[in-house]
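Note: the block below is target-v3.cif and it holds mmCIF, N, CA and C atoms.
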```cif
data_query
loop_
_atom_site.label_atom_id
_atom_site.label_comp_id
_atom_site.auth_asym_id
_atom_site.auth_seq_id
_atom_site.Cartn_x
_atom_site.Cartn_y
_atom_site.Cartn_z
N MET A 1 100.85 -92.54 -252.92
CA MET A 1 99.82 -91.74 -253.54
C MET A 1 100.05 -90.30 -253.12
N GLY A 2 99.93 -89.41 -254.05
CA GLY A 2 100.16 -88.01 -253.76
C GLY A 2 98.88 -87.21 -253.94
N ALA A 3 98.95 -85.97 -253.56
CA ALA A 3 97.79 -85.08 -253.70
C ALA A 3 98.24 -83.80 -254.35
N LYS A 4 97.34 -83.17 -255.08
CA LYS A 4 97.62 -81.92 -255.77
C LYS A 4 96.80 -80.84 -255.07
N LEU A 5 97.48 -79.86 -254.48
CA LEU A 5 96.78 -78.86 -253.69
C LEU A 5 96.25 -77.70 -254.53
N SER A 6 96.95 -77.35 -255.56
CA SER A 6 96.48 -76.23 -256.37
C SER A 6 96.85 -76.45 -257.82
N GLY A 7 96.33 -75.68 -258.67
CA GLY A 7 96.60 -75.80 -260.09
C GLY A 7 97.94 -75.17 -260.43
N PRO A 8 98.27 -75.14 -261.71
CA PRO A 8 99.54 -74.54 -262.13
C PRO A 8 99.55 -73.04 -261.84
N GLY A 9 100.65 -72.55 -261.29
CA GLY A 9 100.81 -71.14 -261.00
C GLY A 9 99.99 -70.68 -259.82
N GLY A 10 99.57 -71.57 -258.98
CA GLY A 10 98.80 -71.19 -257.81
C GLY A 10 97.36 -70.89 -258.11
N GLN A 11 96.89 -71.16 -259.29
CA GLN A 11 95.50 -70.88 -259.65
C GLN A 11 94.69 -72.15 -259.55
N GLY A 12 93.47 -72.02 -259.74
CA GLY A 12 92.60 -73.17 -259.82
C GLY A 12 91.83 -73.42 -258.57
N GLY A 13 91.87 -72.56 -257.67
CA GLY A 13 91.04 -72.72 -256.49
C GLY A 13 91.67 -73.62 -255.47
N LYS A 14 90.83 -73.99 -254.52
CA LYS A 14 91.32 -74.77 -253.40
C LYS A 14 90.89 -76.23 -253.48
N THR A 15 90.72 -76.76 -254.64
CA THR A 15 90.30 -78.15 -254.74
C THR A 15 91.50 -79.08 -254.59
N ILE A 16 91.27 -80.16 -253.95
CA ILE A 16 92.33 -81.15 -253.75
C ILE A 16 92.05 -82.31 -254.68
N GLU A 17 93.02 -82.60 -255.51
CA GLU A 17 92.90 -83.72 -256.43
C GLU A 17 93.90 -84.81 -256.04
N GLN A 18 93.54 -86.01 -256.29
CA GLN A 18 94.45 -87.12 -256.01
C GLN A 18 95.31 -87.41 -257.24
N ASN A 19 96.57 -87.73 -256.96
CA ASN A 19 97.51 -88.07 -258.03
C ASN A 19 97.82 -89.56 -257.87
N ALA A 20 97.45 -90.35 -258.84
CA ALA A 20 97.63 -91.80 -258.75
C ALA A 20 98.93 -92.27 -259.40
N ASP A 21 99.81 -91.37 -259.81
CA ASP A 21 101.08 -91.76 -260.44
C ASP A 21 102.06 -92.24 -259.38
N ILE A 22 102.86 -93.22 -259.76
CA ILE A 22 103.87 -93.77 -258.85
C ILE A 22 105.08 -92.86 -258.86
N ASN A 23 105.58 -92.55 -257.68
CA ASN A 23 106.80 -91.76 -257.56
C ASN A 23 107.98 -92.73 -257.69
N VAL A 24 108.66 -92.70 -258.81
CA VAL A 24 109.69 -93.68 -259.13
C VAL A 24 111.06 -93.28 -258.57
N THR A 25 111.28 -92.06 -258.24
CA THR A 25 112.60 -91.59 -257.81
C THR A 25 113.12 -92.33 -256.57
N PRO A 26 112.37 -92.47 -255.49
CA PRO A 26 112.90 -93.22 -254.34
C PRO A 26 113.16 -94.69 -254.69
N PHE A 27 112.32 -95.25 -255.54
CA PHE A 27 112.49 -96.64 -255.95
C PHE A 27 113.81 -96.82 -256.71
N VAL A 28 114.11 -95.91 -257.61
CA VAL A 28 115.36 -95.97 -258.37
C VAL A 28 116.55 -95.76 -257.45
N ASP A 29 116.45 -94.86 -256.49
CA ASP A 29 117.54 -94.63 -255.54
C ASP A 29 117.86 -95.90 -254.74
N ILE A 30 116.83 -96.54 -254.26
CA ILE A 30 117.02 -97.76 -253.48
C ILE A 30 117.61 -98.87 -254.34
N MET A 31 117.15 -98.99 -255.57
CA MET A 31 117.67 -100.02 -256.46
C MET A 31 119.15 -99.77 -256.80
N LEU A 32 119.55 -98.53 -256.97
CA LEU A 32 120.94 -98.22 -257.25
C LEU A 32 121.83 -98.53 -256.04
N VAL A 33 121.35 -98.23 -254.84
CA VAL A 33 122.11 -98.56 -253.64
C VAL A 33 122.25 -100.07 -253.51
N LEU A 34 121.20 -100.82 -253.75
CA LEU A 34 121.28 -102.29 -253.68
C LEU A 34 122.22 -102.83 -254.75
N LEU A 35 122.20 -102.25 -255.94
CA LEU A 35 123.10 -102.68 -256.99
C LEU A 35 124.56 -102.49 -256.58
N ILE A 36 124.86 -101.37 -255.97
CA ILE A 36 126.23 -101.10 -255.52
C ILE A 36 126.63 -102.08 -254.42
N ILE A 37 125.71 -102.35 -253.50
CA ILE A 37 126.00 -103.30 -252.42
C ILE A 37 126.31 -104.68 -252.99
N PHE A 38 125.52 -105.14 -253.94
CA PHE A 38 125.75 -106.47 -254.52
C PHE A 38 127.02 -106.50 -255.37
N MET A 39 127.35 -105.41 -256.02
CA MET A 39 128.59 -105.36 -256.81
C MET A 39 129.81 -105.43 -255.90
N VAL A 40 129.73 -104.83 -254.73
CA VAL A 40 130.85 -104.88 -253.79
C VAL A 40 130.91 -106.24 -253.10
N ALA A 41 129.75 -106.83 -252.77
CA ALA A 41 129.72 -108.08 -252.01
C ALA A 41 129.97 -109.30 -252.88
N ALA A 42 129.73 -109.25 -254.18
CA ALA A 42 129.88 -110.43 -255.04
C ALA A 42 131.31 -110.95 -255.11
N PRO A 43 132.34 -110.12 -255.24
CA PRO A 43 133.69 -110.68 -255.26
C PRO A 43 134.09 -111.33 -253.94
N MET A 44 133.54 -110.88 -252.82
CA MET A 44 133.87 -111.49 -251.53
C MET A 44 133.24 -112.86 -251.38
N ALA A 45 132.16 -113.13 -252.09
CA ALA A 45 131.48 -114.41 -251.97
C ALA A 45 132.22 -115.51 -252.71
N THR A 46 133.07 -115.17 -253.66
CA THR A 46 133.80 -116.16 -254.42
C THR A 46 135.21 -116.29 -253.85
N VAL A 47 135.33 -116.97 -252.73
CA VAL A 47 136.60 -117.18 -252.07
C VAL A 47 137.25 -118.41 -252.70
N SER A 48 138.49 -118.29 -253.07
CA SER A 48 139.16 -119.43 -253.69
C SER A 48 139.82 -120.28 -252.61
N ILE A 49 139.75 -121.58 -252.80
CA ILE A 49 140.35 -122.53 -251.88
C ILE A 49 141.45 -123.26 -252.65
N ARG A 50 142.64 -123.27 -252.09
CA ARG A 50 143.75 -123.94 -252.75
C ARG A 50 143.67 -125.43 -252.47
N LEU A 51 143.67 -126.23 -253.53
CA LEU A 51 143.62 -127.68 -253.39
C LEU A 51 144.88 -128.27 -254.00
N ASP A 52 145.49 -129.17 -253.28
CA ASP A 52 146.63 -129.90 -253.81
C ASP A 52 146.13 -131.25 -254.32
N LEU A 53 145.79 -131.29 -255.59
CA LEU A 53 145.28 -132.52 -256.18
C LEU A 53 146.44 -133.35 -256.70
N PRO A 54 146.31 -134.65 -256.67
CA PRO A 54 147.38 -135.48 -257.21
C PRO A 54 147.43 -135.34 -258.73
N PRO A 55 148.60 -135.53 -259.31
CA PRO A 55 148.69 -135.41 -260.76
C PRO A 55 147.91 -136.52 -261.45
N ALA A 56 147.46 -136.22 -262.63
CA ALA A 56 146.65 -137.18 -263.39
C ALA A 56 147.57 -138.13 -264.15
N THR A 57 148.20 -139.02 -263.42
CA THR A 57 149.08 -140.01 -264.03
C THR A 57 148.42 -141.37 -263.92
N PRO A 58 148.71 -142.24 -264.84
CA PRO A 58 148.11 -143.58 -264.74
C PRO A 58 148.67 -144.31 -263.53
N PRO A 59 147.89 -145.17 -262.94
CA PRO A 59 148.36 -145.90 -261.75
C PRO A 59 149.53 -146.82 -262.12
N THR A 60 150.47 -146.92 -261.21
CA THR A 60 151.61 -147.79 -261.44
C THR A 60 151.28 -149.20 -261.00
N THR A 61 152.04 -150.12 -261.50
CA THR A 61 151.79 -151.53 -261.16
C THR A 61 152.67 -151.98 -260.00
N ASP A 62 153.37 -151.04 -259.36
CA ASP A 62 154.20 -151.41 -258.22
C ASP A 62 153.33 -151.87 -257.06
N GLU A 63 153.76 -152.94 -256.44
CA GLU A 63 153.01 -153.41 -255.28
C GLU A 63 153.28 -152.50 -254.09
N PRO A 64 152.24 -152.15 -253.35
CA PRO A 64 152.48 -151.30 -252.18
C PRO A 64 153.28 -152.05 -251.12
N LYS A 65 154.14 -151.30 -250.43
CA LYS A 65 154.97 -151.91 -249.39
C LYS A 65 154.11 -152.21 -248.17
N GLU A 66 154.54 -153.20 -247.46
CA GLU A 66 153.87 -153.55 -246.20
C GLU A 66 154.16 -152.44 -245.19
N PRO A 67 153.13 -151.88 -244.55
CA PRO A 67 153.38 -150.80 -243.59
C PRO A 67 154.08 -151.33 -242.33
N VAL A 68 154.77 -150.42 -241.67
CA VAL A 68 155.48 -150.77 -240.44
C VAL A 68 154.61 -150.35 -239.26
N TYR A 69 154.31 -151.32 -238.39
CA TYR A 69 153.47 -151.07 -237.22
C TYR A 69 154.33 -151.15 -235.96
N ILE A 70 154.23 -150.15 -235.11
CA ILE A 70 154.86 -150.19 -233.80
C ILE A 70 153.73 -150.45 -232.80
N THR A 71 153.82 -151.55 -232.09
CA THR A 71 152.79 -151.93 -231.14
C THR A 71 153.33 -151.76 -229.72
N ILE A 72 152.58 -151.04 -228.91
CA ILE A 72 152.95 -150.84 -227.50
C ILE A 72 152.03 -151.72 -226.67
N GLN A 73 152.63 -152.62 -225.91
CA GLN A 73 151.83 -153.51 -225.09
C GLN A 73 151.72 -152.98 -223.67
N GLU A 74 150.90 -153.63 -222.89
CA GLU A 74 150.53 -153.15 -221.56
C GLU A 74 151.72 -152.93 -220.64
N GLY A 75 152.68 -153.80 -220.63
CA GLY A 75 153.83 -153.67 -219.73
C GLY A 75 154.88 -152.70 -220.24
N GLY A 76 154.67 -152.09 -221.39
CA GLY A 76 155.64 -151.17 -221.97
C GLY A 76 156.51 -151.82 -223.02
N ALA A 77 156.25 -153.09 -223.32
CA ALA A 77 157.03 -153.79 -224.34
C ALA A 77 156.66 -153.24 -225.72
N LEU A 78 157.69 -153.08 -226.55
CA LEU A 78 157.50 -152.57 -227.91
C LEU A 78 157.72 -153.68 -228.91
N PHE A 79 156.84 -153.73 -229.90
CA PHE A 79 156.99 -154.68 -230.98
C PHE A 79 156.96 -153.92 -232.29
N LEU A 80 157.93 -154.22 -233.14
CA LEU A 80 158.00 -153.62 -234.47
C LEU A 80 157.63 -154.72 -235.44
N SER A 81 156.44 -154.57 -236.03
CA SER A 81 155.84 -155.61 -236.84
C SER A 81 155.69 -156.86 -235.96
N ASP A 82 156.54 -157.88 -236.11
CA ASP A 82 156.37 -159.10 -235.32
C ASP A 82 157.50 -159.35 -234.33
N ARG A 83 158.52 -158.51 -234.30
CA ARG A 83 159.64 -158.77 -233.40
C ARG A 83 159.76 -157.68 -232.35
N GLU A 84 160.30 -158.09 -231.20
CA GLU A 84 160.39 -157.16 -230.07
C GLU A 84 161.57 -156.21 -230.25
N THR A 85 161.39 -154.98 -229.78
CA THR A 85 162.43 -153.97 -229.84
C THR A 85 162.39 -153.16 -228.54
N SER A 86 163.32 -152.24 -228.39
CA SER A 86 163.34 -151.39 -227.20
C SER A 86 163.26 -149.94 -227.63
N ILE A 87 163.04 -149.07 -226.67
CA ILE A 87 162.92 -147.64 -226.98
C ILE A 87 164.26 -147.07 -227.44
N ALA A 88 165.37 -147.64 -226.99
CA ALA A 88 166.69 -147.14 -227.38
C ALA A 88 167.02 -147.46 -228.83
N THR A 89 166.60 -148.63 -229.29
CA THR A 89 166.92 -149.05 -230.67
C THR A 89 165.77 -148.85 -231.63
N LEU A 90 164.73 -148.17 -231.19
CA LEU A 90 163.53 -148.02 -232.03
C LEU A 90 163.81 -147.32 -233.36
N PRO A 91 164.49 -146.17 -233.41
CA PRO A 91 164.71 -145.51 -234.71
C PRO A 91 165.50 -146.37 -235.70
N VAL A 92 166.52 -147.06 -235.22
CA VAL A 92 167.33 -147.91 -236.10
C VAL A 92 166.50 -149.09 -236.60
N ASP A 93 165.73 -149.67 -235.71
CA ASP A 93 164.90 -150.81 -236.09
C ASP A 93 163.80 -150.40 -237.09
N VAL A 94 163.26 -149.21 -236.94
CA VAL A 94 162.24 -148.73 -237.88
C VAL A 94 162.85 -148.56 -239.26
N CYS A 95 164.05 -147.96 -239.35
CA CYS A 95 164.71 -147.80 -240.65
C CYS A 95 165.03 -149.16 -241.26
N THR A 96 165.43 -150.11 -240.44
CA THR A 96 165.72 -151.46 -240.95
C THR A 96 164.44 -152.12 -241.47
N ALA A 97 163.35 -151.96 -240.75
CA ALA A 97 162.08 -152.58 -241.16
C ALA A 97 161.52 -151.93 -242.42
N LEU A 98 161.76 -150.64 -242.60
CA LEU A 98 161.25 -149.96 -243.80
C LEU A 98 162.01 -150.40 -245.04
N ALA A 99 163.29 -150.62 -244.94
CA ALA A 99 164.14 -151.11 -246.03
C ALA A 99 163.93 -150.30 -247.31
N VAL A 100 164.13 -149.00 -247.22
CA VAL A 100 164.02 -148.15 -248.40
C VAL A 100 165.40 -147.61 -248.74
N ALA A 101 165.60 -147.32 -250.04
CA ALA A 101 166.89 -146.81 -250.49
C ALA A 101 167.05 -145.33 -250.14
N THR A 102 165.94 -144.63 -250.07
CA THR A 102 165.99 -143.20 -249.74
C THR A 102 165.92 -143.02 -248.23
N ASP A 103 165.67 -141.81 -247.80
CA ASP A 103 165.60 -141.50 -246.37
C ASP A 103 164.41 -142.21 -245.74
N CYS A 104 164.67 -143.01 -244.73
CA CYS A 104 163.59 -143.78 -244.10
C CYS A 104 162.67 -142.89 -243.28
N ARG A 105 163.09 -141.69 -242.95
CA ARG A 105 162.27 -140.79 -242.14
C ARG A 105 161.13 -140.18 -242.94
N GLU A 106 161.15 -140.33 -244.25
CA GLU A 106 160.08 -139.80 -245.10
C GLU A 106 158.93 -140.79 -245.26
N GLU A 107 159.08 -142.00 -244.76
CA GLU A 107 158.03 -143.02 -244.87
C GLU A 107 157.09 -142.93 -243.68
N ARG A 108 155.86 -143.41 -243.88
CA ARG A 108 154.85 -143.38 -242.83
C ARG A 108 155.01 -144.60 -241.92
N VAL A 109 154.89 -144.34 -240.62
CA VAL A 109 154.98 -145.38 -239.60
C VAL A 109 153.68 -145.34 -238.80
N PHE A 110 153.14 -146.50 -238.48
CA PHE A 110 151.89 -146.57 -237.73
C PHE A 110 152.16 -147.03 -236.29
N VAL A 111 151.51 -146.37 -235.35
CA VAL A 111 151.66 -146.70 -233.93
C VAL A 111 150.30 -147.12 -233.40
N ARG A 112 150.29 -148.26 -232.72
CA ARG A 112 149.06 -148.71 -232.06
C ARG A 112 149.42 -149.17 -230.66
N ALA A 113 148.49 -148.97 -229.76
CA ALA A 113 148.73 -149.32 -228.37
C ALA A 113 147.54 -150.10 -227.82
N GLN A 114 147.83 -150.99 -226.91
CA GLN A 114 146.75 -151.73 -226.25
C GLN A 114 146.01 -150.78 -225.32
N PRO A 115 144.76 -151.08 -225.00
CA PRO A 115 143.95 -150.16 -224.19
C PRO A 115 144.52 -149.86 -222.81
N ASP A 116 145.31 -150.74 -222.24
CA ASP A 116 145.82 -150.53 -220.88
C ASP A 116 147.17 -149.82 -220.85
N VAL A 117 147.67 -149.37 -221.97
CA VAL A 117 148.95 -148.67 -222.01
C VAL A 117 148.76 -147.28 -221.42
N THR A 118 149.69 -146.86 -220.57
CA THR A 118 149.57 -145.54 -219.95
C THR A 118 150.02 -144.45 -220.93
N TYR A 119 149.62 -143.26 -220.61
CA TYR A 119 149.90 -142.12 -221.48
C TYR A 119 151.40 -141.85 -221.60
N ASP A 120 152.13 -141.98 -220.48
CA ASP A 120 153.56 -141.69 -220.54
C ASP A 120 154.32 -142.72 -221.37
N GLN A 121 153.88 -143.98 -221.37
CA GLN A 121 154.51 -144.99 -222.23
C GLN A 121 154.27 -144.65 -223.71
N PHE A 122 153.06 -144.23 -224.03
CA PHE A 122 152.73 -143.88 -225.41
C PHE A 122 153.52 -142.65 -225.85
N MET A 123 153.57 -141.62 -224.99
CA MET A 123 154.27 -140.39 -225.36
C MET A 123 155.78 -140.59 -225.43
N GLU A 124 156.31 -141.55 -224.70
CA GLU A 124 157.73 -141.85 -224.79
C GLU A 124 158.07 -142.36 -226.19
N VAL A 125 157.23 -143.21 -226.74
CA VAL A 125 157.44 -143.71 -228.10
C VAL A 125 157.27 -142.58 -229.11
N MET A 126 156.22 -141.77 -228.95
CA MET A 126 155.99 -140.67 -229.90
C MET A 126 157.14 -139.66 -229.86
N ASN A 127 157.62 -139.31 -228.66
CA ASN A 127 158.73 -138.36 -228.53
C ASN A 127 160.02 -138.92 -229.13
N THR A 128 160.26 -140.20 -228.95
CA THR A 128 161.45 -140.81 -229.53
C THR A 128 161.40 -140.76 -231.05
N LEU A 129 160.23 -141.04 -231.61
CA LEU A 129 160.09 -140.98 -233.07
C LEU A 129 160.29 -139.55 -233.57
N GLN A 130 159.70 -138.60 -232.87
CA GLN A 130 159.80 -137.20 -233.30
C GLN A 130 161.23 -136.67 -233.17
N GLU A 131 161.91 -137.01 -232.10
CA GLU A 131 163.29 -136.56 -231.91
C GLU A 131 164.22 -137.10 -232.97
N ASN A 132 163.88 -138.25 -233.55
CA ASN A 132 164.72 -138.86 -234.58
C ASN A 132 164.24 -138.56 -235.99
N GLY A 133 163.30 -137.63 -236.14
CA GLY A 133 162.91 -137.16 -237.47
C GLY A 133 161.76 -137.88 -238.12
N PHE A 134 161.08 -138.74 -237.41
CA PHE A 134 159.91 -139.43 -237.96
C PHE A 134 158.68 -138.57 -237.70
N PHE A 135 158.27 -137.80 -238.70
CA PHE A 135 157.13 -136.89 -238.51
C PHE A 135 155.86 -137.41 -239.18
N LYS A 136 155.97 -138.42 -239.99
CA LYS A 136 154.78 -139.01 -240.63
C LYS A 136 154.37 -140.25 -239.84
N VAL A 137 153.66 -139.99 -238.76
CA VAL A 137 153.26 -141.07 -237.86
C VAL A 137 151.74 -141.15 -237.87
N GLY A 138 151.23 -142.34 -238.14
CA GLY A 138 149.80 -142.58 -238.11
C GLY A 138 149.42 -143.31 -236.83
N LEU A 139 148.30 -142.93 -236.24
CA LEU A 139 147.83 -143.57 -235.01
C LEU A 139 146.68 -144.51 -235.35
N LEU A 140 146.71 -145.70 -234.83
CA LEU A 140 145.68 -146.70 -235.09
C LEU A 140 144.96 -147.04 -233.81
N ASN A 141 143.67 -147.34 -233.94
CA ASN A 141 142.90 -147.84 -232.82
C ASN A 141 141.98 -148.92 -233.31
N GLU A 142 141.48 -149.71 -232.39
CA GLU A 142 140.57 -150.78 -232.74
C GLU A 142 139.17 -150.40 -232.33
N ASP A 143 138.21 -150.79 -233.15
CA ASP A 143 136.81 -150.52 -232.79
C ASP A 143 136.38 -151.47 -231.69
N ILE A 144 135.88 -150.90 -230.63
CA ILE A 144 135.38 -151.71 -229.51
C ILE A 144 133.87 -151.78 -229.65
N GLU A 145 133.39 -152.97 -229.80
CA GLU A 145 131.93 -153.14 -230.00
C GLU A 145 131.29 -153.75 -228.78
#
```
Would it be possible to restate this file's structure as C-alpha cells?
Amino acid sequence: MGAKLSGPGGQGGKTIEQNADINVTPFVDIMLVLLIIFMVAAPMATVSIRLDLPPATPPTTDEPKEPVYITIQEGGALFLSDRETSIATLPVDVCTALAVATDCREERVFVRAQPDVTYDQFMEVMNTLQENGFFKVGLLNEDIE
C-alpha cells in the first residue's frame, strides 16, 4: 500500500491520501527471475540413463545348458558338478565340463562353498579362475533358516 504526499506539481496542500493500487513492478521482476531459474534448471532435471536392453527377438526353443558348479568343501576338496578335481586341473576341467564349441572362458561358472571353508581356500579357487580368464563367475549361498 502506498501513500500520496502531495498533488500533481507539488500543489494540493499537505493532505495525505492512501493509494490502494498494487505495485506490480517488483512482482514482475521476481517472476522473471524465477522464470530464468526454472529455464536453466529444467534441462538439468532430465538426466538420461543409458540402458542396455535385450533385443526384441522371439524366444528360442534351445534348451538351456546345465550350469557348471564348483563346490568347495570343508577340507579344501574341490568338486566340479559331481566329480572331484584339484586346483591344478581346475581350468581344464571347467572347459571340459562346459563342452562349448566357442571359448569356454565366456561362459558363466558358479562357485559355492560350505560354511566351514576358510577364506584362503575360497580365494585360491577365485584367483585360479581369474588367472585363467574366467571372469564371469557367480557366487552361490544357501539360505540358513
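In terms of minimum interatomic distance to Glu66 of chain A, A:Ala97 ranks closest within A:Ile87, A:Ile22, A:Ala97, A:Val92, counting all atoms listed in the file.
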Residues within 12 Å of (161.8, -139.8, -229.1), file coordinates, counting only C-alpha atoms: what are they? Give the list as a PyMOL selection string. chain A and resi 86-91+121-135
Check what the PyMOL selection byres ((chain A and resi 70-78) around 6) selects in the file above and give those residues as a PyMOL selection string. chain A and resi 68-69+79-81+83-86+110-114+116-117
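One finds atom N of Val137 of chain A at 17.3 Å from atom N of Thr102 of chain A.
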Can you work out the spacing between atom CA of Arg108 of chain A and atom CA of Pro67 of chain A in Å, to one decimal?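 Result for atom CA of Arg108 of chain A versus atom CA of Pro67 of chain A: 7.6 Å, one decimal.
The coordinates place atom CA of Glu142 of chain A at 22.4 Å from atom CA of Val94 of chain A.
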Which of chain A end up as helix (DSSP H, G or I) when DSSP is run on this backbone - answer as an NGL selection string? :A and (8-10 or 25-45 or 90-98 or 104-106 or 119-131)
Go ahead and dump the residues you just picked, N, CA and C atoms, as a tab-separated table (two decimals), keeping the file's coordinate frame.
```tsv
chain	number	residue	atom	x	y	z
A	8	PRO	N	98.27	-75.14	-261.71
A	8	PRO	CA	99.54	-74.54	-262.13
A	8	PRO	C	99.55	-73.04	-261.84
A	9	GLY	N	100.65	-72.55	-261.29
A	9	GLY	CA	100.81	-71.14	-261.00
A	9	GLY	C	99.99	-70.68	-259.82
A	10	GLY	N	99.57	-71.57	-258.98
A	10	GLY	CA	98.80	-71.19	-257.81
A	10	GLY	C	97.36	-70.89	-258.11
A	25	THR	N	111.28	-92.06	-258.24
A	25	THR	CA	112.60	-91.59	-257.81
A	25	THR	C	113.12	-92.33	-256.57
A	26	PRO	N	112.37	-92.47	-255.49
A	26	PRO	CA	112.90	-93.22	-254.34
A	26	PRO	C	113.16	-94.69	-254.69
A	27	PHE	N	112.32	-95.25	-255.54
A	27	PHE	CA	112.49	-96.64	-255.95
A	27	PHE	C	113.81	-96.82	-256.71
A	28	VAL	N	114.11	-95.91	-257.61
A	28	VAL	CA	115.36	-95.97	-258.37
A	28	VAL	C	116.55	-95.76	-257.45
A	29	ASP	N	116.45	-94.86	-256.49
A	29	ASP	CA	117.54	-94.63	-255.54
A	29	ASP	C	117.86	-95.90	-254.74
A	30	ILE	N	116.83	-96.54	-254.26
A	30	ILE	CA	117.02	-97.76	-253.48
A	30	ILE	C	117.61	-98.87	-254.34
A	31	MET	N	117.15	-98.99	-255.57
A	31	MET	CA	117.67	-100.02	-256.46
A	31	MET	C	119.15	-99.77	-256.80
A	32	LEU	N	119.55	-98.53	-256.97
A	32	LEU	CA	120.94	-98.22	-257.25
A	32	LEU	C	121.83	-98.53	-256.04
A	33	VAL	N	121.35	-98.23	-254.84
A	33	VAL	CA	122.11	-98.56	-253.64
A	33	VAL	C	122.25	-100.07	-253.51
A	34	LEU	N	121.20	-100.82	-253.75
A	34	LEU	CA	121.28	-102.29	-253.68
A	34	LEU	C	122.22	-102.83	-254.75
A	35	LEU	N	122.20	-102.25	-255.94
A	35	LEU	CA	123.10	-102.68	-256.99
A	35	LEU	C	124.56	-102.49	-256.58
A	36	ILE	N	124.86	-101.37	-255.97
A	36	ILE	CA	126.23	-101.10	-255.52
A	36	ILE	C	126.63	-102.08	-254.42
A	37	ILE	N	125.71	-102.35	-253.50
A	37	ILE	CA	126.00	-103.30	-252.42
A	37	ILE	C	126.31	-104.68	-252.99
A	38	PHE	N	125.52	-105.14	-253.94
A	38	PHE	CA	125.75	-106.47	-254.52
A	38	PHE	C	127.02	-106.50	-255.37
A	39	MET	N	127.35	-105.41	-256.02
A	39	MET	CA	128.59	-105.36	-256.81
A	39	MET	C	129.81	-105.43	-255.90
A	40	VAL	N	129.73	-104.83	-254.73
A	40	VAL	CA	130.85	-104.88	-253.79
A	40	VAL	C	130.91	-106.24	-253.10
A	41	ALA	N	129.75	-106.83	-252.77
A	41	ALA	CA	129.72	-108.08	-252.01
A	41	ALA	C	129.97	-109.30	-252.88
A	42	ALA	N	129.73	-109.25	-254.18
A	42	ALA	CA	129.88	-110.43	-255.04
A	42	ALA	C	131.31	-110.95	-255.11
A	43	PRO	N	132.34	-110.12	-255.24
A	43	PRO	CA	133.69	-110.68	-255.26
A	43	PRO	C	134.09	-111.33	-253.94
A	44	MET	N	133.54	-110.88	-252.82
A	44	MET	CA	133.87	-111.49	-251.53
A	44	MET	C	133.24	-112.86	-251.38
A	45	ALA	N	132.16	-113.13	-252.09
A	45	ALA	CA	131.48	-114.41	-251.97
A	45	ALA	C	132.22	-115.51	-252.71
A	90	LEU	N	164.73	-148.17	-231.19
A	90	LEU	CA	163.53	-148.02	-232.03
A	90	LEU	C	163.81	-147.32	-233.36
A	91	PRO	N	164.49	-146.17	-233.41
A	91	PRO	CA	164.71	-145.51	-234.71
A	91	PRO	C	165.50	-146.37	-235.70
A	92	VAL	N	166.52	-147.06	-235.22
A	92	VAL	CA	167.33	-147.91	-236.10
A	92	VAL	C	166.50	-149.09	-236.60
A	93	ASP	N	165.73	-149.67	-235.71
A	93	ASP	CA	164.90	-150.81	-236.09
A	93	ASP	C	163.80	-150.40	-237.09
A	94	VAL	N	163.26	-149.21	-236.94
A	94	VAL	CA	162.24	-148.73	-237.88
A	94	VAL	C	162.85	-148.56	-239.26
A	95	CYS	N	164.05	-147.96	-239.35
A	95	CYS	CA	164.71	-147.80	-240.65
A	95	CYS	C	165.03	-149.16	-241.26
A	96	THR	N	165.43	-150.11	-240.44
A	96	THR	CA	165.72	-151.46	-240.95
A	96	THR	C	164.44	-152.12	-241.47
A	97	ALA	N	163.35	-151.96	-240.75
A	97	ALA	CA	162.08	-152.58	-241.16
A	97	ALA	C	161.52	-151.93	-242.42
A	98	LEU	N	161.76	-150.64	-242.60
A	98	LEU	CA	161.25	-149.96	-243.80
A	98	LEU	C	162.01	-150.40	-245.04
A	104	CYS	N	164.67	-143.01	-244.73
A	104	CYS	CA	163.59	-143.78	-244.10
A	104	CYS	C	162.67	-142.89	-243.28
A	105	ARG	N	163.09	-141.69	-242.95
A	105	ARG	CA	162.27	-140.79	-242.14
A	105	ARG	C	161.13	-140.18	-242.94
A	106	GLU	N	161.15	-140.33	-244.25
A	106	GLU	CA	160.08	-139.80	-245.10
A	106	GLU	C	158.93	-140.79	-245.26
A	119	TYR	N	149.62	-143.26	-220.61
A	119	TYR	CA	149.90	-142.12	-221.48
A	119	TYR	C	151.40	-141.85	-221.60
A	120	ASP	N	152.13	-141.98	-220.48
A	120	ASP	CA	153.56	-141.69	-220.54
A	120	ASP	C	154.32	-142.72	-221.37
A	121	GLN	N	153.88	-143.98	-221.37
A	121	GLN	CA	154.51	-144.99	-222.23
A	121	GLN	C	154.27	-144.65	-223.71
A	122	PHE	N	153.06	-144.23	-224.03
A	122	PHE	CA	152.73	-143.88	-225.41
A	122	PHE	C	153.52	-142.65	-225.85
A	123	MET	N	153.57	-141.62	-224.99
A	123	MET	CA	154.27	-140.39	-225.36
A	123	MET	C	155.78	-140.59	-225.43
A	124	GLU	N	156.31	-141.55	-224.70
A	124	GLU	CA	157.73	-141.85	-224.79
A	124	GLU	C	158.07	-142.36	-226.19
A	125	VAL	N	157.23	-143.21	-226.74
A	125	VAL	CA	157.44	-143.71	-228.10
A	125	VAL	C	157.27	-142.58	-229.11
A	126	MET	N	156.22	-141.77	-228.95
A	126	MET	CA	155.99	-140.67	-229.90
A	126	MET	C	157.14	-139.66	-229.86
A	127	ASN	N	157.62	-139.31	-228.66
A	127	ASN	CA	158.73	-138.36	-228.53
A	127	ASN	C	160.02	-138.92	-229.13
A	128	THR	N	160.26	-140.20	-228.95
A	128	THR	CA	161.45	-140.81	-229.53
A	128	THR	C	161.40	-140.76	-231.05
A	129	LEU	N	160.23	-141.04	-231.61
A	129	LEU	CA	160.09	-140.98	-233.07
A	129	LEU	C	160.29	-139.55	-233.57
A	130	GLN	N	159.70	-138.60	-232.87
A	130	GLN	CA	159.80	-137.20	-233.30
A	130	GLN	C	161.23	-136.67	-233.17
A	131	GLU	N	161.91	-137.01	-232.10
A	131	GLU	CA	163.29	-136.56	-231.91
A	131	GLU	C	164.22	-137.10	-232.97
```
Give me, as JSON, numbers by chain, the residues of chain A that a backbone DSSP run labels strand (DSSP E). {"A": [2, 3, 4, 17, 18, 19, 68, 69, 70, 71, 72, 78, 79, 80, 83, 84, 85, 109, 110, 111, 112, 113, 137, 138, 139, 140]}
